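Asker: Next comes the structure file final.csv, holding CSV, C-alpha atoms and all ligand atoms.
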```
chain,number,residue,atom,x,y,z
A,216,MET,CA,-49.0,-75.3,46.7
A,217,PRO,CA,-49.9,-72.0,44.9
A,218,MET,CA,-48.3,-68.8,46.4
A,219,PRO,CA,-50.6,-67.2,49.0
A,220,SER,CA,-51.0,-64.0,46.9
A,221,PHE,CA,-48.8,-62.5,44.2
A,222,GLN,CA,-46.5,-59.7,45.5
A,223,PRO,CA,-44.7,-58.3,42.5
A,224,PRO,CA,-41.1,-57.2,43.1
A,225,LEU,CA,-40.5,-53.4,43.1
A,226,ARG,CA,-39.2,-52.4,39.7
A,227,THR,CA,-38.4,-49.3,37.8
A,228,LEU,CA,-39.8,-49.8,34.3
A,229,MET,CA,-37.6,-48.3,31.6
A,230,GLY,CA,-38.1,-50.8,28.8
A,231,PRO,CA,-40.3,-50.5,25.7
A,232,GLY,CA,-43.4,-50.6,27.8
A,233,PRO,CA,-45.1,-51.1,30.1
A,234,SER,CA,-43.8,-47.9,31.8
A,235,ASP,CA,-44.2,-47.0,35.4
A,236,VAL,CA,-47.8,-46.5,36.5
A,237,HIS,CA,-48.5,-43.6,38.9
A,238,PRO,CA,-50.1,-44.5,42.2
A,239,ARG,CA,-53.1,-42.3,41.3
A,240,VAL,CA,-53.8,-44.6,38.4
A,241,LEU,CA,-53.4,-47.8,40.5
A,242,ALA,CA,-55.6,-46.3,43.2
A,243,ALA,CA,-58.3,-45.5,40.6
A,244,MET,CA,-58.2,-49.1,39.3
A,245,ALA,CA,-58.7,-50.4,42.9
A,246,ARG,CA,-62.1,-48.6,43.2
A,247,PRO,CA,-65.3,-50.7,43.4
A,248,THR,CA,-66.3,-52.5,40.2
A,249,ILE,CA,-69.7,-51.4,38.9
A,250,GLY,CA,-71.8,-52.7,36.0
A,251,HIS,CA,-70.7,-52.0,32.4
A,252,LEU,CA,-74.1,-50.5,31.7
A,253,ASP,CA,-74.5,-48.6,35.0
A,254,PRO,CA,-75.4,-45.0,34.2
A,255,ALA,CA,-72.4,-43.9,36.2
A,256,PHE,CA,-70.2,-46.0,34.1
A,257,VAL,CA,-71.7,-44.7,30.9
A,258,ASP,CA,-70.9,-41.2,32.1
A,259,LEU,CA,-67.3,-42.3,32.7
A,260,MET,CA,-67.1,-43.8,29.2
A,261,ASP,CA,-68.3,-40.4,27.8
A,262,ASP,CA,-65.6,-38.6,29.8
A,263,ILE,CA,-62.9,-41.0,28.5
A,264,LYS,CA,-64.0,-40.3,24.9
A,265,VAL,CA,-63.7,-36.5,25.5
A,266,LEU,CA,-60.2,-36.9,27.1
A,267,LEU,CA,-59.0,-39.3,24.4
A,268,ARG,CA,-60.1,-36.8,21.7
A,269,ARG,CA,-58.0,-34.2,23.4
A,270,ALA,CA,-55.0,-36.5,23.6
A,271,PHE,CA,-55.3,-37.4,19.9
A,272,LYS,CA,-56.2,-33.7,19.0
A,273,THR,CA,-59.3,-34.7,17.2
A,274,ASP,CA,-63.1,-34.1,17.1
A,275,ASN,CA,-63.7,-37.5,15.6
A,276,GLU,CA,-66.9,-38.9,17.1
A,277,VAL,CA,-65.5,-42.4,16.7
A,278,THR,CA,-62.8,-42.2,19.3
A,279,PHE,CA,-62.7,-44.8,22.1
A,280,PRO,CA,-60.6,-47.4,23.8
A,281,VAL,CA,-60.9,-50.9,22.3
A,282,SER,CA,-60.8,-53.6,24.9
A,283,GLY,CA,-57.5,-55.3,24.2
A,284,PRO,CA,-53.8,-54.3,23.9
A,285,GLY,CA,-52.3,-52.3,21.0
A,286,SER,CA,-52.3,-55.3,18.7
A,287,VAL,CA,-56.1,-55.4,19.0
A,288,GLY,CA,-56.3,-51.7,18.1
A,289,MET,CA,-54.2,-52.6,15.0
A,290,GLU,CA,-56.5,-55.4,14.1
A,291,ALA,CA,-59.6,-53.1,14.6
A,292,CYS,CA,-58.2,-50.7,12.0
A,293,PHE,CA,-57.3,-53.4,9.4
A,294,VAL,CA,-60.4,-55.6,9.7
A,295,ASN,CA,-62.8,-52.6,9.4
A,296,LEU,CA,-61.0,-50.8,6.6
A,297,VAL,CA,-59.4,-53.6,4.5
A,298,GLU,CA,-61.3,-56.3,2.6
A,299,PRO,CA,-60.4,-59.1,0.2
A,300,GLY,CA,-59.0,-57.7,-3.1
A,301,ASP,CA,-57.8,-54.4,-1.7
A,302,THR,CA,-54.2,-53.3,-2.0
A,303,VAL,CA,-52.5,-51.6,1.0
A,304,ILE,CA,-49.1,-50.0,1.0
A,305,VAL,CA,-47.3,-50.9,4.2
A,306,CYS,CA,-44.2,-49.3,5.4
A,307,ARG,CA,-41.8,-51.5,7.3
A,308,ASN,CA,-38.8,-50.0,9.2
A,309,GLY,CA,-39.0,-52.4,12.1
A,310,VAL,CA,-40.9,-55.2,13.7
A,311,PHE,CA,-44.3,-53.6,13.8
A,312,GLY,CA,-44.6,-52.7,10.1
A,313,GLY,CA,-44.2,-56.5,9.6
A,314,ARG,CA,-47.1,-57.1,11.9
A,315,MET,CA,-49.2,-54.7,9.8
A,316,LYS,CA,-48.3,-56.7,6.7
A,317,GLU,CA,-49.6,-59.9,8.5
A,318,ASN,CA,-52.9,-58.1,9.3
A,319,VAL,CA,-53.4,-56.9,5.7
A,320,GLU,CA,-52.8,-60.3,4.3
A,321,ARG,CA,-55.1,-62.0,6.8
A,322,CYS,CA,-57.8,-59.6,5.6
A,323,GLY,CA,-57.4,-61.2,2.2
A,324,ALA,CA,-55.7,-58.1,0.7
A,325,THR,CA,-52.4,-57.5,-0.9
A,326,ALA,CA,-49.6,-55.7,1.1
A,327,VAL,CA,-47.2,-53.8,-1.1
A,328,MET,CA,-44.1,-53.3,1.2
A,329,VAL,CA,-42.0,-50.1,1.4
A,330,ASP,CA,-38.9,-51.2,3.3
A,331,ASP,CA,-36.6,-48.8,5.0
A,332,PRO,CA,-33.4,-49.6,6.9
A,333,TRP,CA,-34.0,-50.2,10.6
A,334,THR,CA,-33.5,-47.1,12.8
A,335,ARG,CA,-34.4,-44.9,9.8
A,336,ALA,CA,-37.7,-43.0,9.4
A,337,VAL,CA,-40.1,-44.1,6.6
A,338,ASP,CA,-38.8,-42.4,3.4
A,339,PRO,CA,-41.7,-40.3,1.9
A,340,GLN,CA,-40.1,-40.6,-1.6
A,341,ARG,CA,-40.3,-44.4,-1.5
A,342,VAL,CA,-44.0,-44.1,-0.4
A,343,GLU,CA,-44.7,-41.8,-3.3
A,344,ASP,CA,-43.0,-44.2,-5.7
A,345,ALA,CA,-45.1,-47.1,-4.3
A,346,PHE,CA,-48.3,-45.2,-4.9
A,347,LYS,CA,-47.2,-44.5,-8.5
A,348,ALA,CA,-46.5,-48.1,-9.1
A,349,ASN,CA,-49.8,-49.2,-7.5
A,350,PRO,CA,-52.5,-46.8,-8.5
A,351,GLY,CA,-55.8,-47.5,-6.7
A,352,ALA,CA,-54.2,-48.7,-3.5
A,353,LYS,CA,-56.8,-48.3,-0.8
A,354,ALA,CA,-54.7,-47.3,2.2
A,355,LEU,CA,-51.2,-46.5,3.4
A,356,ALA,CA,-50.2,-48.0,6.7
A,357,PHE,CA,-47.2,-47.0,8.8
A,358,VAL,CA,-45.8,-46.9,12.3
A,359,MET,CA,-45.2,-43.4,13.5
A,360,ALA,CA,-43.0,-44.4,16.4
A,361,GLU,CA,-41.2,-47.7,15.8
A,362,THR,CA,-40.6,-49.2,19.2
A,363,SER,CA,-38.3,-51.8,17.8
A,364,THR,CA,-35.9,-49.3,16.3
A,365,GLY,CA,-36.5,-45.9,18.0
A,366,ALA,CA,-37.4,-44.2,14.7
A,367,LEU,CA,-39.9,-41.4,14.4
A,368,SER,CA,-41.6,-41.0,11.0
A,369,ASP,CA,-43.3,-37.9,9.6
A,370,ALA,CA,-47.0,-38.8,10.0
A,371,ARG,CA,-48.1,-35.5,8.5
A,372,THR,CA,-46.2,-35.8,5.3
A,373,LEU,CA,-47.0,-39.5,4.8
A,374,THR,CA,-50.7,-38.8,5.4
A,375,GLU,CA,-50.6,-36.0,2.8
A,376,ILE,CA,-49.1,-38.4,0.2
A,377,ALA,CA,-51.8,-41.0,0.9
A,378,HIS,CA,-54.5,-38.5,0.4
A,379,ARG,CA,-52.9,-37.1,-2.8
A,380,HIS,CA,-53.3,-40.7,-4.1
A,381,GLY,CA,-56.9,-41.1,-2.9
A,382,ALA,CA,-55.9,-43.5,-0.1
A,383,LEU,CA,-56.6,-43.7,3.6
A,384,ALA,CA,-53.8,-43.2,6.2
A,385,ILE,CA,-53.7,-45.8,8.9
A,386,VAL,CA,-51.3,-44.9,11.6
A,387,ASP,CA,-49.8,-46.9,14.5
A,388,ALA,CA,-49.4,-44.5,17.4
A,389,VAL,CA,-48.9,-47.1,20.1
A,390,THR,CA,-45.6,-45.6,21.3
A,391,ALA,CA,-46.3,-42.1,19.9
A,392,LEU,CA,-49.4,-41.0,21.8
A,393,GLY,CA,-48.5,-38.6,24.6
A,394,GLY,CA,-44.8,-38.7,23.9
A,395,VAL,CA,-44.3,-36.7,20.7
A,396,GLU,CA,-46.3,-34.2,18.8
A,397,LEU,CA,-49.4,-35.8,17.2
A,398,ASP,CA,-52.3,-33.9,15.7
A,399,VAL,CA,-54.9,-36.3,14.2
A,400,ASP,CA,-57.2,-33.5,12.8
A,401,GLY,CA,-54.4,-31.1,11.9
A,402,TRP,CA,-52.7,-33.8,9.9
A,403,ASP,CA,-56.0,-35.3,8.7
A,404,ILE,CA,-55.2,-38.9,9.8
A,405,ASP,CA,-58.0,-41.3,8.9
A,406,ALA,CA,-57.5,-44.1,11.4
A,407,ILE,CA,-55.2,-44.4,14.3
A,408,TYR,CA,-54.6,-46.7,17.2
A,409,SER,CA,-52.5,-46.6,20.3
A,410,GLY,CA,-51.9,-48.5,23.6
A,411,THR,CA,-52.2,-47.6,27.2
A,412,GLN,CA,-48.9,-49.0,28.6
A,413,LYS,CA,-46.5,-46.6,26.9
A,414,CYS,CA,-46.6,-42.8,27.2
A,415,LEU,CA,-50.1,-42.9,28.9
A,416,SER,CA,-48.5,-44.9,31.7
A,417,CYS,CA,-51.4,-47.2,32.4
A,418,PRO,CA,-51.2,-51.0,32.7
A,419,PRO,CA,-51.5,-52.7,29.3
A,420,GLY,CA,-54.8,-54.0,28.0
A,421,LEU,CA,-56.6,-51.1,26.3
A,422,SER,CA,-56.1,-49.6,22.8
A,423,PRO,CA,-57.4,-46.1,22.1
A,424,VAL,CA,-58.5,-45.7,18.5
A,425,SER,CA,-59.9,-42.9,16.4
A,426,PHE,CA,-61.6,-43.1,13.0
A,427,GLY,CA,-62.3,-40.0,10.8
A,428,ALA,CA,-65.0,-39.3,8.3
A,429,ARG,CA,-63.2,-40.9,5.3
A,430,ALA,CA,-62.6,-44.1,7.3
A,431,ILE,CA,-66.2,-44.3,8.3
A,432,GLU,CA,-67.2,-43.8,4.7
A,433,ALA,CA,-64.9,-46.6,3.7
A,434,LEU,CA,-66.5,-48.9,6.4
A,435,ARG,CA,-70.0,-48.1,5.1
A,436,ALA,CA,-68.9,-48.8,1.5
A,437,ARG,CA,-67.6,-52.3,2.2
A,438,ARG,CA,-68.6,-55.0,-0.2
A,439,THR,CA,-68.2,-57.7,2.5
A,440,PRO,CA,-69.0,-57.9,6.2
A,441,VAL,CA,-66.2,-57.2,8.7
A,442,GLN,CA,-64.8,-60.7,9.3
A,443,SER,CA,-64.3,-60.1,13.1
A,444,TRP,CA,-67.4,-60.1,15.2
A,445,PHE,CA,-65.7,-58.6,18.2
A,446,LEU,CA,-63.9,-55.8,16.3
A,447,ASP,CA,-66.7,-54.8,13.9
A,448,LEU,CA,-67.2,-51.1,14.5
A,449,ASN,CA,-70.8,-51.3,13.4
A,450,LEU,CA,-71.5,-53.5,16.4
A,451,VAL,CA,-69.0,-52.2,19.0
A,452,LEU,CA,-70.3,-48.6,18.6
A,453,GLY,CA,-73.7,-49.7,19.9
A,454,TYR,CA,-71.9,-49.9,23.2
A,455,TRP,CA,-69.5,-47.0,22.9
A,456,SER,CA,-71.2,-44.4,20.8
A,457,GLY,CA,-74.0,-41.9,20.7
A,458,SER,CA,-76.5,-40.4,23.2
A,459,ALA,CA,-79.0,-43.2,22.6
A,460,ARG,CA,-79.3,-46.1,24.9
A,461,ARG,CA,-76.1,-48.2,25.1
A,462,SER,CA,-76.5,-51.8,24.4
A,463,TYR,CA,-74.5,-54.8,25.5
A,464,HIS,CA,-71.7,-55.8,23.2
A,465,HIS,CA,-69.0,-57.2,25.5
A,466,THR,CA,-68.3,-56.8,29.2
A,467,ALA,CA,-65.9,-53.9,29.3
A,468,PRO,CA,-62.7,-54.1,31.4
A,469,ILE,CA,-64.3,-51.7,34.0
A,470,ASN,CA,-61.4,-51.1,36.4
A,471,ALA,CA,-58.9,-50.8,33.6
A,472,LEU,CA,-61.1,-48.0,32.2
A,473,TYR,CA,-61.0,-46.2,35.6
A,474,GLY,CA,-57.2,-46.3,35.3
A,475,LEU,CA,-57.2,-44.9,31.8
A,476,HIS,CA,-59.5,-42.1,32.8
A,477,GLU,CA,-57.2,-41.2,35.7
A,478,ALA,CA,-54.1,-41.3,33.4
A,479,LEU,CA,-55.7,-39.1,30.8
A,480,LEU,CA,-56.7,-36.6,33.5
A,481,MET,CA,-53.0,-36.5,34.6
A,482,LEU,CA,-51.9,-36.0,31.0
A,483,HIS,CA,-54.3,-33.1,30.6
A,484,GLU,CA,-53.4,-31.6,34.0
A,485,GLU,CA,-49.8,-31.4,32.7
A,486,GLY,CA,-50.8,-30.3,29.2
A,487,LEU,CA,-50.1,-32.2,26.0
A,488,GLU,CA,-47.3,-29.9,24.8
A,489,ALA,CA,-45.7,-29.9,28.2
A,490,ALA,CA,-45.7,-33.7,28.2
A,491,TRP,CA,-44.0,-33.8,24.7
A,492,ALA,CA,-41.4,-31.2,26.0
A,493,ARG,CA,-40.8,-33.3,29.1
A,494,HIS,CA,-40.1,-36.4,27.0
A,495,ALA,CA,-37.7,-34.4,24.8
A,496,LEU,CA,-35.8,-33.0,27.8
A,497,HIS,CA,-35.2,-36.3,29.5
A,498,HIS,CA,-34.1,-37.9,26.2
A,499,ARG,CA,-31.5,-35.2,25.8
A,500,ALA,CA,-30.2,-35.8,29.4
A,501,LEU,CA,-30.1,-39.6,28.9
A,502,ARG,CA,-28.3,-39.2,25.6
A,503,ALA,CA,-25.7,-36.9,27.1
A,504,GLY,CA,-25.1,-39.4,30.0
A,505,LEU,CA,-24.9,-42.4,27.7
A,506,GLU,CA,-22.4,-40.7,25.4
A,507,ALA,CA,-20.3,-39.6,28.4
A,508,MET,CA,-20.2,-43.3,29.3
A,509,GLY,CA,-18.9,-44.1,25.8
A,510,LEU,CA,-22.2,-45.6,24.5
A,511,ARG,CA,-23.9,-44.6,21.3
A,512,LEU,CA,-27.6,-44.2,20.3
A,513,ALA,CA,-28.6,-46.0,17.1
A,514,GLY,CA,-30.3,-43.9,14.4
A,515,VAL,CA,-29.8,-40.4,13.0
A,516,ASP,CA,-30.4,-37.0,14.4
A,517,GLY,CA,-33.9,-35.7,13.7
A,518,GLU,CA,-35.4,-39.2,13.4
A,519,ARG,CA,-35.0,-40.4,17.0
A,520,LEU,CA,-37.8,-40.9,19.4
A,521,PRO,CA,-37.3,-39.3,22.7
A,522,GLN,CA,-39.4,-42.0,24.5
A,523,LEU,CA,-37.5,-45.0,23.1
A,524,ASN,CA,-33.7,-45.0,23.0
A,525,VAL,CA,-31.9,-47.7,21.1
A,526,VAL,CA,-28.4,-48.1,22.5
A,527,THR,CA,-25.9,-50.0,20.5
A,528,LEU,CA,-24.3,-52.7,22.6
A,529,PRO,CA,-20.5,-52.1,23.1
A,530,ASP,CA,-18.2,-54.8,21.7
A,531,GLY,CA,-17.6,-57.7,24.1
A,532,VAL,CA,-20.5,-56.8,26.5
A,533,ASP,CA,-22.9,-59.6,27.3
A,534,ASP,CA,-26.4,-58.2,26.7
A,535,ALA,CA,-28.4,-60.6,28.8
A,536,ALA,CA,-25.9,-60.6,31.7
A,537,VAL,CA,-26.0,-56.8,32.0
A,538,ARG,CA,-29.8,-56.7,31.9
A,539,GLN,CA,-29.9,-59.4,34.5
A,540,THR,CA,-27.7,-57.4,36.8
A,541,LEU,CA,-29.8,-54.3,36.3
A,542,LEU,CA,-33.0,-56.3,37.2
A,543,THR,CA,-31.8,-58.2,40.2
A,544,ASP,CA,-29.4,-55.7,41.8
A,545,TYR,CA,-31.0,-52.4,40.8
A,546,GLY,CA,-34.6,-53.4,40.2
A,547,LEU,CA,-34.4,-51.7,36.8
A,548,GLU,CA,-35.9,-53.1,33.7
A,549,ILE,CA,-34.6,-52.0,30.3
A,550,GLY,CA,-35.5,-53.7,27.0
A,551,ALA,CA,-33.6,-56.2,24.9
A,552,GLY,CA,-33.1,-55.6,21.2
A,553,LEU,CA,-36.0,-56.9,19.0
A,554,GLY,CA,-35.8,-58.5,15.6
A,555,GLU,CA,-32.6,-57.5,13.7
A,556,PHE,CA,-31.4,-55.9,17.0
A,557,ALA,CA,-31.7,-59.0,19.2
A,558,GLY,CA,-28.5,-59.2,21.1
A,559,LYS,CA,-27.1,-56.1,19.5
A,560,ALA,CA,-28.9,-53.3,21.3
A,561,TRP,CA,-30.7,-52.2,24.4
A,562,ARG,CA,-33.9,-50.3,24.3
A,563,ILE,CA,-34.3,-47.7,27.1
A,564,GLY,CA,-37.8,-46.3,27.4
A,565,LEU,CA,-38.6,-42.9,28.8
A,566,MET,CA,-42.3,-43.2,28.5
A,567,GLY,CA,-45.0,-41.4,30.5
A,568,GLN,CA,-44.2,-41.5,34.2
A,569,SER,CA,-40.8,-43.1,33.3
A,570,ALA,CA,-39.7,-39.8,31.6
A,571,SER,CA,-38.3,-38.1,34.7
A,572,ARG,CA,-35.0,-36.8,36.0
A,573,ARG,CA,-35.2,-39.5,38.7
A,574,HIS,CA,-35.5,-42.2,36.0
A,575,VAL,CA,-32.7,-40.8,33.8
A,576,LEU,CA,-30.2,-40.5,36.7
A,577,THR,CA,-31.1,-43.9,38.2
A,578,CYS,CA,-30.7,-45.6,34.8
A,579,LEU,CA,-27.3,-44.0,34.1
A,580,ALA,CA,-26.0,-44.9,37.6
A,581,ALA,CA,-27.4,-48.4,37.4
A,582,LEU,CA,-26.1,-49.0,33.9
A,583,GLY,CA,-22.6,-47.7,34.9
A,584,GLY,CA,-22.6,-50.0,37.9
A,585,ALA,CA,-23.7,-53.0,35.9
A,586,LEU,CA,-21.2,-52.4,33.1
A,587,ALA,CA,-18.4,-52.1,35.8
A,588,ARG,CA,-19.6,-55.4,37.3
A,589,HIS,CA,-19.2,-57.0,33.8
A,590,HIS,CA,-15.6,-55.7,33.4
A,591,ARG,CA,-16.2,-52.5,31.5
A,592,ALA,CA,-15.4,-49.5,33.7
A,593,VAL,CA,-17.1,-46.2,33.0
A,594,ASP,CA,-16.6,-42.8,34.5
A,595,LEU,CA,-19.8,-42.5,36.5
A,596,GLY,CA,-19.0,-39.0,37.8
A,597,ALA,CA,-18.6,-37.7,34.2
A,598,THR,CA,-21.7,-39.6,33.1
A,599,LEU,CA,-24.0,-38.1,35.8
A,600,ALA,CA,-22.4,-34.6,35.3
A,601,ALA,CA,-23.2,-34.7,31.6
A,602,ALA,CA,-26.9,-35.5,32.3
A,603,GLU,CA,-27.1,-32.9,35.0
A,604,ALA,CA,-25.6,-30.3,32.6
A,605,VAL,CA,-28.6,-30.8,30.4
A,606,TYR,CA,-30.9,-30.1,33.3
A,607,ALA,CA,-28.9,-27.0,34.3
A,608,ARG,CA,-29.3,-25.4,30.9
A,701,LIG,N1,-47.2,-51.2,17.6
A,701,LIG,C1,-46.2,-50.8,18.2
A,701,LIG,C2,-45.4,-49.7,17.6
A,701,LIG,C3,-45.8,-51.3,19.5
A,701,LIG,O1,-44.7,-50.8,20.1
A,701,LIG,C4,-46.5,-52.3,20.0
A,701,LIG,C5,-46.1,-53.0,21.3
A,701,LIG,O2,-45.0,-52.8,21.8
A,701,LIG,C6,-47.6,-52.8,19.4
A,701,LIG,C7,-48.0,-52.2,18.2
A,701,LIG,C8,-48.5,-53.9,19.9
A,701,LIG,O3,-49.0,-53.5,21.2
A,701,LIG,P1,-49.4,-54.6,22.3
A,701,LIG,O4,-48.1,-55.2,22.7
A,701,LIG,O5,-50.0,-53.7,23.4
A,701,LIG,O6,-50.4,-55.5,21.7
```
Could I get this file's structure written as structure tokens?
Answerer:
Amino acid sequence: MPMPSFQPPLRTLMGPGPSDVHPRVLAAMARPTIGHLDPAFVDLMDDIKVLLRRAFKTDNEVTFPVSGPGSVGMEACFVNLVEPGDTVIVCRNGVFGGRMKENVERCGATAVMVDDPWTRAVDPQRVEDAFKANPGAKALAFVMAETSTGALSDARTLTEIAHRHGALAIVDAVTALGGVELDVDGWDIDAIYSGTQKCLSCPPGLSPVSFGARAIEALRARRTPVQSWFLDLNLVLGYWSGSARRSYHHTAPINALYGLHEALLMLHEEGLEAAWARHALHHRALRAGLEAMGLRLAGVDGERLPQLNVVTLPDGVDDAAVRQTLLTDYGLEIGAGLGEFAGKAWRIGLMGQSASRRHVLTCLAALGGALARHHRAVDLGATLAAAEAVYAR
């Protein structure tokens, strides 16, 4: 017998995404479904584009949410801008740089890899060297906020290097958007994609993208047709773009777009800069509490993401057992280590609605309790006091 209807358990989401979704966003998604070409829906699409441009800090006309998760936004960038015979310099300092490589190669192009140690930012000097060794490379691709390692890379500097060598900059901002400073026009980024389930605090399933003039020029200059029908910007823009009549391309995820609109409204009510500052504040408080507990964040100062905290697992602690206790006894989800960090680290997300004092204090208390349950006593009073001291400053 199937279950009568699915009732999800109550959870506090502090993993690498999805993050907690505000009731305003959930309520928006429960509104009546209308047609994807209804004039009222087209007005909503236009509003979403305006709000997304503000979130990305861009005037790019081609700014819209692709129907699909962040990986689809990633593919949209690569299939439109990369074709057989091209060379792309791909930075890899975690799992998602590896996924970019796959994309480049599946486009029939050559990926020249620039590898940096996990937890470290992409090293601009290595990128410079890669361009010198590969003149004529068409694009540089990198992950601004590496969710697998917690590393923040300098998107402005890396984009400058790409342009100095006549290449496009393709930026993964899945975890970056809304959580740390990002200025698409100010930094002159050519193509960028994100996801809704991280610092925008929507359910997963949409991928905001933005393409600048150089990227559109590269698309127009292609020698071969875009190999993906669904992601071909030339076609999808017939639905998402312009003031002319919109034509059917695919049936948009209508209610998901209601949710994105509401989440973007909430971001702009708060203010972008205020949202970035909020993520930074709660990161400092979480870090203070974790250190008082005797735990250590991976990575180095100045290169850590506030919204994704990689905590090195203490010796002798059973990763899965602690996370299981957190989930079943505290209703708290944190992330396991990914790739090289599997079984060696936890990933604690402070993304969007999950970047709050309530989340930080709940997480510290729950983690302290779970560690004690698994025979590693911590001083919970000192832990909470250390976090509170950050808020009192
Ligand atoms: N890029 C980064 C940096 C990510 O963190 C993720 C997902 O966690 C993705 C790409 C892929 O996004 P999705 O899982 O929504 O397809």
Asker: Nearest to ligand LIG 701 (chain A): which of A:Gly486, A:Gly420, A:Gly323, A:Gly365 is it, counting only C-alpha atoms and all ligand atoms?
Answerer: A:Gly420
Asker: Within 9 Å of ligand LIG 701 (chain A), counting only C-alpha atoms and all ligand atoms, which protein or nucleic acid residues do you find, written as a PyMOL selection string?
Answerer: chain A and resi 231-233+283-289+309-312+314-315+358-363+387-391+408-413+419-422
Asker: Counting all atoms listed in the file, select every polymer residue within 10 Å of (-60.0, -54.2, -1.7) as defined in the file's coordinates, and provide the selection as a list in words.
Answerer: Leu296, Val297, Glu298, Pro299, Gly300, Asp301, Thr302, Val303, Cys322, Gly323, Ala324, Thr325, Gly351, Ala352, Lys353, Ala354, Arg437, Arg438 and Thr439 of chain A
Asker: Measuring between all atoms listed in the file, which one of A:His465, A:Arg493, A:Lys316, A:Lys559 shows the shortest distance to Ser282 (chain A)?
Answerer: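 Closest to Ser282 (chain A) of all the choices is A:His465.
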Asker: Of the candidates A:Gly550, A:Gly558, A:Gly517, A:Gly393, which one gets nearest to Asp530 (chain A) if we count all atoms listed in the file?
Answerer: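 Counting all atoms listed in the file, the residue closest to Asp530 (chain A) is A:Gly558.
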